[in-house]
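A.B. asks: This structure is in structure tokens; I'll ask about it shortly.
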Amino acid sequence: MKYTLIFFLVSISVLAQKHKTLVVLVDGIPFDVIEKVSTPNLDAIASDGGFAAAYVGGEKGGVSESPTISAVGYNSMLTGTWANKHNVWGNGIKAPNYAYPTFFQLARAAKPALTLGIFSTWEDNRTKLLGENKAETNHLHLDVKFDGYEKDTVNFPHDANREYIKNIDELVVSKAVESLKGKEAPDISWVYLEYTDDMGHKFGDSPQFYDAVSFEDHLIGNLYETIREREKSLGEEWLVVVTTDHGRSEKDGKGHGGQSARERKTWIVTNQNGLNTRFKSGLAVVDILPSVCRFMDIEIPQEVAGNLDGQSFLK
């Protein structure tokens with residue numbers, strides 16, 4: 001009986017140490033809008049951890065100044081570097097520099113047994129930014145992937161109001177929830193949602209845009225509820241990070257890409273409460289990679305660490 005009890009306690013201890021990560025990027029929501037619109041699910045995550053203003057766009061006027069454009073922001077999050085290094089300057093993603101690895105590549109190299117997942121309303125996130133199966137990424141393989149629905153015009157006929165993107169966002173999250181509820185939930189997952197940016201481009205600062213933010217907050221709530229259920233039932237510990245890729249133009253909120261304060265000012269929400277001073281001052285989208293690696297105990301090679309523009313916001 002004594003040894004059985006010891007084995008049981010050791011098993012529980014090992015189980016409790018299982019770390020997993022979920023990163024959610026919701027497109028094109030500036031800091032002032034995330035403060036203005038009711039987002040009870042983001043608030044719930046923040047109440048467990050923290051919420052803070054952040055920035056994108058590199059050093060304004062410096063060598064790292066980067067366009068406040070979607071794919072540029074995604075890759076800064078994924079690589080912990082600005083565009084002068086990762087070489088993604090626009091949504092065409094013409095020649096990404098894979099020498100600056102994503103946290104998916106670092107995870108695969110340091111801990112090959114980790115499972116990786118992506119749930120995305122834009123297929124290029126996997127095929128171009130992450131560079132799945134490319135020689136330059138050492139033929140990175142993702143274990144779970146749900147994307148490419150934007151190319152399915154039969155089930156998602158393209159309408160002028162972009163309702164098909166809203167429907168795809170909803171499907172992407174349902175696939176993510178299904179996967180995260182499963183026995184073999186990915187150890188590191190990235191969920192990308194687009195609808196807010198589409199409503200911003202079409203309507204600018206408007207009820208339609210604010211409604212889209214509320215809609216995405218509801219979807220994020222579905223994800224977070226699933227995570228909390230896993231933590232409670234399986235003894236896992238999860239890092240959840242939710243962010244955006246850029247703000248919007250100061251004039252009417254329809255555009256972005258420049259270096260205005262509103263286009264550069266974003267935000268980060270996390271469920272982790274062991275936050276250091278970086279989270280409270282100087283926080284940037286490039287800080288997500290080193291934070292994920294710290295939480296997942298992924299060793300960053302010195303040649304990579306020396307080129308990072310970000311710092312971990314976790315103690």
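By order in the structure tokens, chains are A, B, ...; within a chain, residues start at 1; ligands start at 1, following the order shown.
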Using backbone DSSP assignments, extract all helix (DSSP H, G or I) residues from segment 107-261 of chain A; output them as a VMD selection string.
C.D. replies: chain A and resid 107 to 110 124 to 129 135 to 137 149 to 151 163 to 181 195 to 203 207 to 234 261
A.B. asks: Could you please take those selected residues and save C-alpha atoms as an mmCIF file, in the first residue's frame?
C.D. replies:
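What follows is the written file part10.cif:
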```
data_model
loop_
_atom_site.group_PDB
_atom_site.id
_atom_site.type_symbol
_atom_site.label_atom_id
_atom_site.label_comp_id
_atom_site.auth_asym_id
_atom_site.auth_seq_id
_atom_site.Cartn_x
_atom_site.Cartn_y
_atom_site.Cartn_z
ATOM 1 C CA ALA A 107 9.637 23.549 -30.246
ATOM 2 C CA ARG A 108 10.096 20.894 -32.902
ATOM 3 C CA ALA A 109 13.902 21.128 -32.692
ATOM 4 C CA ALA A 110 14.165 21.179 -28.891
ATOM 5 C CA ASP A 124 -0.860 31.151 -45.779
ATOM 6 C CA ASN A 125 -0.148 31.276 -42.052
ATOM 7 C CA ARG A 126 0.803 27.617 -42.206
ATOM 8 C CA THR A 127 2.148 27.245 -45.719
ATOM 9 C CA LYS A 128 4.129 30.505 -45.988
ATOM 10 C CA LEU A 129 4.804 31.971 -42.550
ATOM 11 C CA ALA A 135 13.534 22.608 -46.548
ATOM 12 C CA GLU A 136 14.348 25.987 -44.975
ATOM 13 C CA THR A 137 12.286 25.054 -41.881
ATOM 14 C CA TYR A 149 -11.587 27.059 -45.749
ATOM 15 C CA GLU A 150 -11.397 30.486 -47.399
ATOM 16 C CA LYS A 151 -10.642 28.639 -50.655
ATOM 17 C CA GLU A 163 -20.154 36.789 -43.698
ATOM 18 C CA TYR A 164 -18.293 33.780 -45.043
ATOM 19 C CA ILE A 165 -15.214 34.854 -43.071
ATOM 20 C CA LYS A 166 -17.339 35.129 -39.935
ATOM 21 C CA ASN A 167 -18.603 31.602 -40.573
ATOM 22 C CA ILE A 168 -15.075 30.325 -41.132
ATOM 23 C CA ASP A 169 -13.862 31.911 -37.887
ATOM 24 C CA GLU A 170 -16.675 30.094 -36.103
ATOM 25 C CA LEU A 171 -15.762 26.803 -37.763
ATOM 26 C CA VAL A 172 -12.060 27.246 -37.002
ATOM 27 C CA VAL A 173 -12.816 27.729 -33.311
ATOM 28 C CA SER A 174 -15.189 24.757 -33.249
ATOM 29 C CA LYS A 175 -12.402 22.614 -34.733
ATOM 30 C CA ALA A 176 -9.957 23.991 -32.168
ATOM 31 C CA VAL A 177 -12.363 23.267 -29.295
ATOM 32 C CA GLU A 178 -12.940 19.746 -30.605
ATOM 33 C CA SER A 179 -9.189 19.163 -30.768
ATOM 34 C CA LEU A 180 -8.473 20.753 -27.393
ATOM 35 C CA LYS A 181 -11.143 18.593 -25.760
ATOM 36 C CA TYR A 195 -13.425 38.696 -39.229
ATOM 37 C CA THR A 196 -12.686 41.789 -37.138
ATOM 38 C CA ASP A 197 -10.165 43.106 -39.652
ATOM 39 C CA ASP A 198 -12.635 42.640 -42.506
ATOM 40 C CA MET A 199 -15.290 44.615 -40.647
ATOM 41 C CA GLY A 200 -12.742 47.309 -39.853
ATOM 42 C CA HIS A 201 -11.764 47.676 -43.504
ATOM 43 C CA LYS A 202 -15.370 47.746 -44.651
ATOM 44 C CA PHE A 203 -16.987 49.903 -41.974
ATOM 45 C CA PRO A 207 -21.266 49.297 -34.716
ATOM 46 C CA GLN A 208 -20.461 46.573 -37.252
ATOM 47 C CA PHE A 209 -16.813 46.556 -36.214
ATOM 48 C CA TYR A 210 -17.658 46.588 -32.508
ATOM 49 C CA ASP A 211 -20.123 43.728 -33.032
ATOM 50 C CA ALA A 212 -17.365 41.744 -34.725
ATOM 51 C CA VAL A 213 -15.141 42.259 -31.686
ATOM 52 C CA SER A 214 -17.933 40.961 -29.440
ATOM 53 C CA PHE A 215 -18.401 37.981 -31.746
ATOM 54 C CA GLU A 216 -14.710 37.056 -31.576
ATOM 55 C CA ASP A 217 -14.750 37.501 -27.798
ATOM 56 C CA HIS A 218 -17.538 34.925 -27.640
ATOM 57 C CA LEU A 219 -15.438 32.475 -29.669
ATOM 58 C CA ILE A 220 -12.454 33.096 -27.404
ATOM 59 C CA GLY A 221 -14.711 32.274 -24.478
ATOM 60 C CA ASN A 222 -15.393 28.856 -25.998
ATOM 61 C CA LEU A 223 -11.652 28.240 -26.217
ATOM 62 C CA TYR A 224 -10.925 29.409 -22.699
ATOM 63 C CA GLU A 225 -13.728 27.372 -21.175
ATOM 64 C CA THR A 226 -12.201 24.295 -22.791
ATOM 65 C CA ILE A 227 -8.751 25.150 -21.410
ATOM 66 C CA ARG A 228 -10.049 25.663 -17.886
ATOM 67 C CA GLU A 229 -11.907 22.356 -18.020
ATOM 68 C CA ARG A 230 -8.674 20.591 -19.007
ATOM 69 C CA GLU A 231 -6.720 22.282 -16.226
ATOM 70 C CA LYS A 232 -9.322 21.230 -13.682
ATOM 71 C CA SER A 233 -9.842 17.656 -14.851
ATOM 72 C CA LEU A 234 -6.342 16.729 -16.041
ATOM 73 C CA ALA A 261 0.113 55.865 -32.570
#
```
A.B. asks: If you count only C-alpha atoms, which residues fall within 8 Å of segment 265-269 of chain A, apart from same-chain ones fewer than 6 positions away, as a list in words?
C.D. replies: Ile29, Pro30, Phe31, Leu42, Ile45, Ala46, Gly49, Gly50, Phe51, Ala52, Ala53, Ala54, Tyr55, Val56, Val241, Val242, Thr243, Thr244, Asp245, His246, Gly247 and Val285 of chain A
A.B. asks: Quick one: pull the distance between atom CA of Leu308 of chain A and atom CA of Leu106 of chain A, Å, one decimal.
C.D. replies: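 For atom CA of Leu308 of chain A relative to atom CA of Leu106 of chain A, the distance reads 12.8 Å.
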A.B. asks: Please produce, as JSON lines, a per-residue contact table for segment 56-167 of chain A versus segment 182-186 of chain A (criterion: any atom at most 12 Å away, only C-alpha atoms considered), showing the nearest atom pair and its distance in Å to one decimal, sorted by chain then residue number.
C.D. replies:
```
{"residue": "A:Phe104", "atom": "CA", "partner": "A:Pro186", "partner_atom": "CA", "distance": 11.7}
{"residue": "A:Ala113", "atom": "CA", "partner": "A:Pro186", "partner_atom": "CA", "distance": 10.7}
{"residue": "A:Leu114", "atom": "CA", "partner": "A:Pro186", "partner_atom": "CA", "distance": 7.6}
{"residue": "A:Thr115", "atom": "CA", "partner": "A:Pro186", "partner_atom": "CA", "distance": 4.8}
{"residue": "A:Leu116", "atom": "CA", "partner": "A:Pro186", "partner_atom": "CA", "distance": 5.3}
{"residue": "A:Gly117", "atom": "CA", "partner": "A:Pro186", "partner_atom": "CA", "distance": 5.6}
{"residue": "A:Ile118", "atom": "CA", "partner": "A:Pro186", "partner_atom": "CA", "distance": 9.0}
{"residue": "A:Phe119", "atom": "CA", "partner": "A:Pro186", "partner_atom": "CA", "distance": 11.1}
{"residue": "A:Leu142", "atom": "CA", "partner": "A:Pro186", "partner_atom": "CA", "distance": 9.5}
{"residue": "A:Asp143", "atom": "CA", "partner": "A:Pro186", "partner_atom": "CA", "distance": 7.7}
{"residue": "A:Val144", "atom": "CA", "partner": "A:Pro186", "partner_atom": "CA", "distance": 7.2}
{"residue": "A:Lys145", "atom": "CA", "partner": "A:Pro186", "partner_atom": "CA", "distance": 10.1}
```
A.B. asks: Residues within 7 Å of segment 90-92 of chain A, please, as a PyMOL selection string. Count only C-alpha atoms; anything in the same chain fewer than 5 positions from it doesn't count.
C.D. replies: chain A and resi 69-72
